[in-house]
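S.K.: coords.txt is reproduced below (compact mmCIF, C-alpha atoms).
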# COMPACT_ATOMS: atom_id res chain seq x y z
CA MET X 1 80.20 -14.95 5.96
CA ASP X 2 81.22 -18.34 7.25
CA TYR X 3 84.72 -18.61 8.66
CA THR X 4 86.88 -21.71 8.57
CA ILE X 5 88.49 -23.21 11.65
CA GLN X 6 91.88 -22.21 10.25
CA GLN X 7 90.79 -18.55 9.99
CA ILE X 8 89.46 -18.57 13.55
CA LYS X 9 92.71 -20.05 14.88
CA GLU X 10 94.70 -17.49 12.88
CA VAL X 11 92.81 -14.63 14.53
CA GLU X 12 93.11 -16.17 18.01
CA ASN X 13 96.88 -16.59 17.60
CA ALA X 14 97.19 -13.01 16.38
CA LEU X 15 95.24 -11.81 19.45
CA LYS X 16 97.78 -13.51 21.73
CA THR X 17 100.79 -11.86 20.09
CA GLU X 18 99.52 -8.44 18.97
CA LYS X 19 100.95 -5.43 20.82
CA ASN X 20 99.47 -2.57 18.79
CA VAL X 21 96.29 -1.44 20.56
CA ARG X 22 94.43 -0.44 17.39
CA VAL X 23 95.19 -3.70 15.63
CA TYR X 24 94.30 -5.64 18.78
CA LYS X 25 90.89 -3.91 18.86
CA ARG X 26 90.27 -4.87 15.21
CA LEU X 27 91.23 -8.45 15.97
CA GLN X 28 88.82 -8.49 18.92
CA VAL X 29 86.02 -7.25 16.67
CA LEU X 30 86.77 -9.96 14.16
CA HIS X 31 87.09 -12.62 16.88
CA TRP X 32 83.65 -11.88 18.33
CA ARG X 33 82.09 -11.75 14.87
CA MET X 34 83.64 -15.12 14.01
CA ARG X 35 82.13 -16.53 17.19
CA GLY X 36 78.64 -15.79 15.86
CA LYS X 37 77.83 -12.49 17.55
CA SER X 38 75.83 -9.97 15.53
CA GLU X 39 77.32 -6.66 14.46
CA THR X 40 75.43 -4.75 17.14
CA GLU X 41 76.50 -7.21 19.85
CA VAL X 42 80.13 -6.96 18.72
CA ALA X 43 79.90 -3.16 18.72
CA GLU X 44 78.59 -3.17 22.30
CA LEU X 45 81.21 -5.67 23.49
CA THR X 46 84.18 -3.87 21.95
CA GLY X 47 83.06 -0.26 22.19
CA VAL X 48 83.22 0.50 18.47
CA SER X 49 80.49 1.54 16.08
CA VAL X 50 78.53 -0.94 14.01
CA TRP X 51 80.05 0.56 10.86
CA GLN X 52 83.54 -0.17 12.17
CA VAL X 53 82.52 -3.80 12.63
CA PHE X 54 81.45 -3.92 8.98
CA ALA X 55 84.70 -2.22 7.93
CA VAL X 56 86.86 -4.72 9.83
CA LYS X 57 84.96 -7.63 8.29
CA ARG X 58 85.41 -6.16 4.81
CA LYS X 59 89.12 -5.54 5.34
CA TYR X 60 89.63 -9.10 6.53
CA ARG X 61 87.59 -10.51 3.66
CA ASP X 62 89.50 -8.50 1.04
CA GLY X 63 93.04 -8.69 2.40
CA GLY X 64 93.24 -11.28 5.15
CA ILE X 65 94.78 -10.70 8.55
CA GLY X 66 97.51 -8.52 7.06
CA ALA X 67 94.93 -5.92 6.06
CA LEU X 68 94.11 -5.34 9.73
CA ASN X 69 97.73 -4.40 10.48
CA VAL X 70 97.62 -1.33 8.26
CA LYS X 71 98.65 1.72 10.22
CA TYR X 72 96.07 4.50 10.25
CA ILE X 73 97.24 7.31 8.03
CA GLY X 74 95.66 10.58 8.91
CA GLY X 75 96.28 14.03 10.20
CA ASN X 76 99.05 15.53 8.13
CA ASN X 77 98.03 15.01 4.51
CA ARG X 78 99.93 17.99 3.16
CA LYS X 79 101.04 18.00 -0.43
CA LEU X 80 104.29 19.74 0.47
CA SER X 81 106.49 19.63 3.54
CA LEU X 82 106.67 22.68 5.79
CA ALA X 83 110.10 23.55 4.40
CA ALA X 84 108.85 23.31 0.81
CA GLU X 85 105.82 25.46 1.65
CA LYS X 86 108.07 28.06 3.24
CA GLU X 87 110.41 28.03 0.25
CA GLN X 88 107.57 28.51 -2.24
CA LEU X 89 105.99 31.28 -0.15
CA GLY X 90 109.41 32.92 0.12
CA LYS X 91 109.48 33.26 -3.67
CA LEU X 92 106.14 35.07 -3.58
CA THR X 93 106.98 37.28 -0.58
CA GLU X 94 108.72 40.03 -2.51
CA GLN X 95 105.98 40.16 -5.14
CA ALA X 96 103.31 40.32 -2.45
CA GLN X 97 105.13 43.11 -0.61
CA ASN X 98 105.23 45.11 -3.84
CA GLY X 99 101.45 44.80 -4.06
CA LEU X 100 101.26 42.30 -6.90
CA TYR X 101 98.96 40.01 -4.93
CA LEU X 102 96.27 41.85 -3.03
CA ARG X 103 93.84 38.97 -2.49
CA GLY X 104 94.31 35.44 -1.26
CA LEU X 105 92.81 33.99 -4.43
CA GLU X 106 95.47 35.65 -6.59
CA LEU X 107 98.19 34.41 -4.26
CA GLN X 108 96.66 30.92 -4.30
CA LYS X 109 96.71 30.78 -8.11
CA ALA X 110 100.36 31.88 -8.16
CA PHE X 111 101.26 29.32 -5.48
CA GLU X 112 99.47 26.55 -7.36
CA TYR X 113 101.29 27.52 -10.54
CA GLU X 114 104.67 27.49 -8.77
CA THR X 115 104.13 24.13 -7.05
CA GLY X 116 102.10 22.37 -9.71
CA THR X 117 99.47 21.30 -7.17
CA SER X 118 95.91 22.45 -6.54
CA TYR X 119 94.45 23.51 -3.20
CA HIS X 120 90.98 24.16 -1.88
CA SER X 121 90.61 27.78 -0.80
CA SER X 122 90.16 26.91 2.89
CA THR X 123 93.21 24.64 2.79
CA PHE X 124 95.27 27.39 1.23
CA LEU X 125 94.11 29.89 3.87
CA ARG X 126 95.23 27.45 6.60
CA LEU X 127 98.58 27.21 4.81
CA LEU X 128 98.90 31.00 4.92
CA GLU X 129 97.97 31.09 8.60
CA ARG X 130 100.51 28.35 9.32
CA HIS X 131 103.23 30.60 7.93
CA ASP X 132 101.90 33.81 9.57
CA TRP X 133 100.68 35.30 6.31
CA ALA X 134 97.12 35.85 7.47
CA LYS X 135 96.61 39.57 7.83
CA LYS X 136 93.21 40.01 9.35
CA VAL X 137 91.74 43.47 9.03
CA PRO X 138 88.45 44.30 10.72
CA ARG X 139 85.89 46.11 8.64
CA GLY X 140 85.34 49.75 9.49
CA GLN X 141 81.66 49.48 10.29
CA HIS X 142 78.70 47.26 9.70
CA PRO X 143 77.32 47.73 6.18
CA LYS X 144 73.77 48.26 7.47
CA LYS X 145 74.75 50.65 10.23
CA ALA X 146 72.45 53.64 10.58
CA SER X 147 73.74 57.07 9.65
CA GLY X 148 74.95 59.47 12.31
CA GLU X 149 71.82 61.61 11.98
CA ASP X 150 69.55 58.61 12.53
CA ILE X 151 71.52 57.58 15.60
CA ASP X 152 71.37 61.08 17.09
CA SER X 153 67.64 61.45 16.41
CA SER X 154 66.86 58.13 18.09
CA LYS X 155 68.63 59.04 21.34
CA LYS X 156 66.61 60.23 24.31
CA LEU X 157 67.33 63.84 25.02
CA THR X 158 65.82 63.95 28.49
Could the structure of this file be written out as structure tokens, please?
M.R.:
Amino acid sequence: MDYTIQQIKEVENALKTEKNVRVYKRLQVLHWRMRGKSETEVAELTGVSVWQVFAVKRKYRDGGIGALNVKYIGGNNRKLSLAAEKEQLGKLTEQAQNGLYLRGLELQKAFEYETGTSYHSSTFLRLLERHDWAKKVPRGQHPKKASGEDIDSSKKLT
């Protein structure tokens, strides 16, 4: 992609004024790429991966310099707030204590019905753990454990 002199000056001016470290790093990547460095050279100079160099170029191409200022959204992608989760689980507490829900899958279906959202099973189990609902019970013994007679007969008697 060939860059115009106006685009290069725009990026250089943004580099001088940018205070956000993440955006500054993206601008550096773009600046070095505009100066004719290859993707691998830019990655080595800036300490990012080659794929991030491609991503920054694509973002700039599609949305201009404003697309580089997008704040990273990650981490907490919950469908409900903690208070809403607690409220919905509170409705199911009494039913669960009475033995209506014995398995997590049954509880998950009821929770999904109440909230109108769907959850992956591992996500729902993390939700339960977050609200101290995870009751972990160890199994009594290994399913392939030898019988008591076999154990006794294999022991050395001397």
S.K.: Work out how far atom CA of Val50 of chain X is from atom CA of Thr17 of chain X, in Å to one decimal.
M.R.: 25.5 Å
S.K.: Atom CA of Leu128 of chain X and atom CA of Glu114 of chain X are how many Å apart?
M.R.: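 Going from atom CA of Leu128 of chain X over to atom CA of Glu114 of chain X covers 15.3 Å.
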S.K.: For a test of reading the model, state the distance in Å between atom CA of Thr123 of chain X and atom CA of Arg78 of chain X, rounded to one decimal.
M.R.: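 Result for atom CA of Thr123 of chain X versus atom CA of Arg78 of chain X: 9.5 Å, one decimal.
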S.K.: For Gly90 of chain X, which residue out of X:Ser154, X:Val21, X:His131, X:Ser121 is the nearest one, using all atoms listed in the file?
M.R.: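 Going through X:Ser154, X:Val21, X:His131, X:Ser121 one by one, the smallest distance to Gly90 of chain X is for X:His131.
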S.K.: For a cut-off of 12 Å around (85.0, -18.1, 11.7), file coordinates, pick out all residues using only C-alpha atoms and list them as number ranges by chain.
M.R.: X: 1-12, 29-37, 57, 60-61
S.K.: Go through X:Phe54, X:Phe111, X:Tyr119, X:Trp133 one by one, measure the shortest atom-to-atom distance of each to Val42 of chain X using all atoms listed in the file, and give the residue with the smallest value.
M.R.: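 The answer is X:Phe54, which sits nearest to Val42 of chain X.
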S.K.: For segment 91-93 of chain X, work out the shell of residues within 12 Å, counting only C-alpha atoms and skipping chain neighbours fewer than 5 positions away, then give it as a PyMOL selection string.
M.R.: chain X and resi 84-86+98-102+106-115+128+131-133
S.K.: What lies within 12 Å of Val56 of chain X using all atoms listed in the file, ignoring chain neighbours under 5 positions off, as a PyMOL selection string?
M.R.: chain X and resi 22-34+39+42-43+48-51+61-70
S.K.: Draw an axis-aligned box tight on the listed atoms of segment 94-99 of chain X, then pad every side by 3 Å and write out centre and edge lengths in Å to one decimal as AutoDock Vina command-line options.
M.R.:
--center_x 105.1 --center_y 42.6 --center_z -2.9 --size_x 13.3 --size_y 11.1 --size_z 10.5
S.K.: Using all atoms listed in the file, which of X:Ser147, X:Asn20, X:Thr46, X:Gln88 sits nearest Thr117 of chain X?
M.R.: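 Using all atoms listed in the file, Thr117 of chain X sits closest to X:Gln88.
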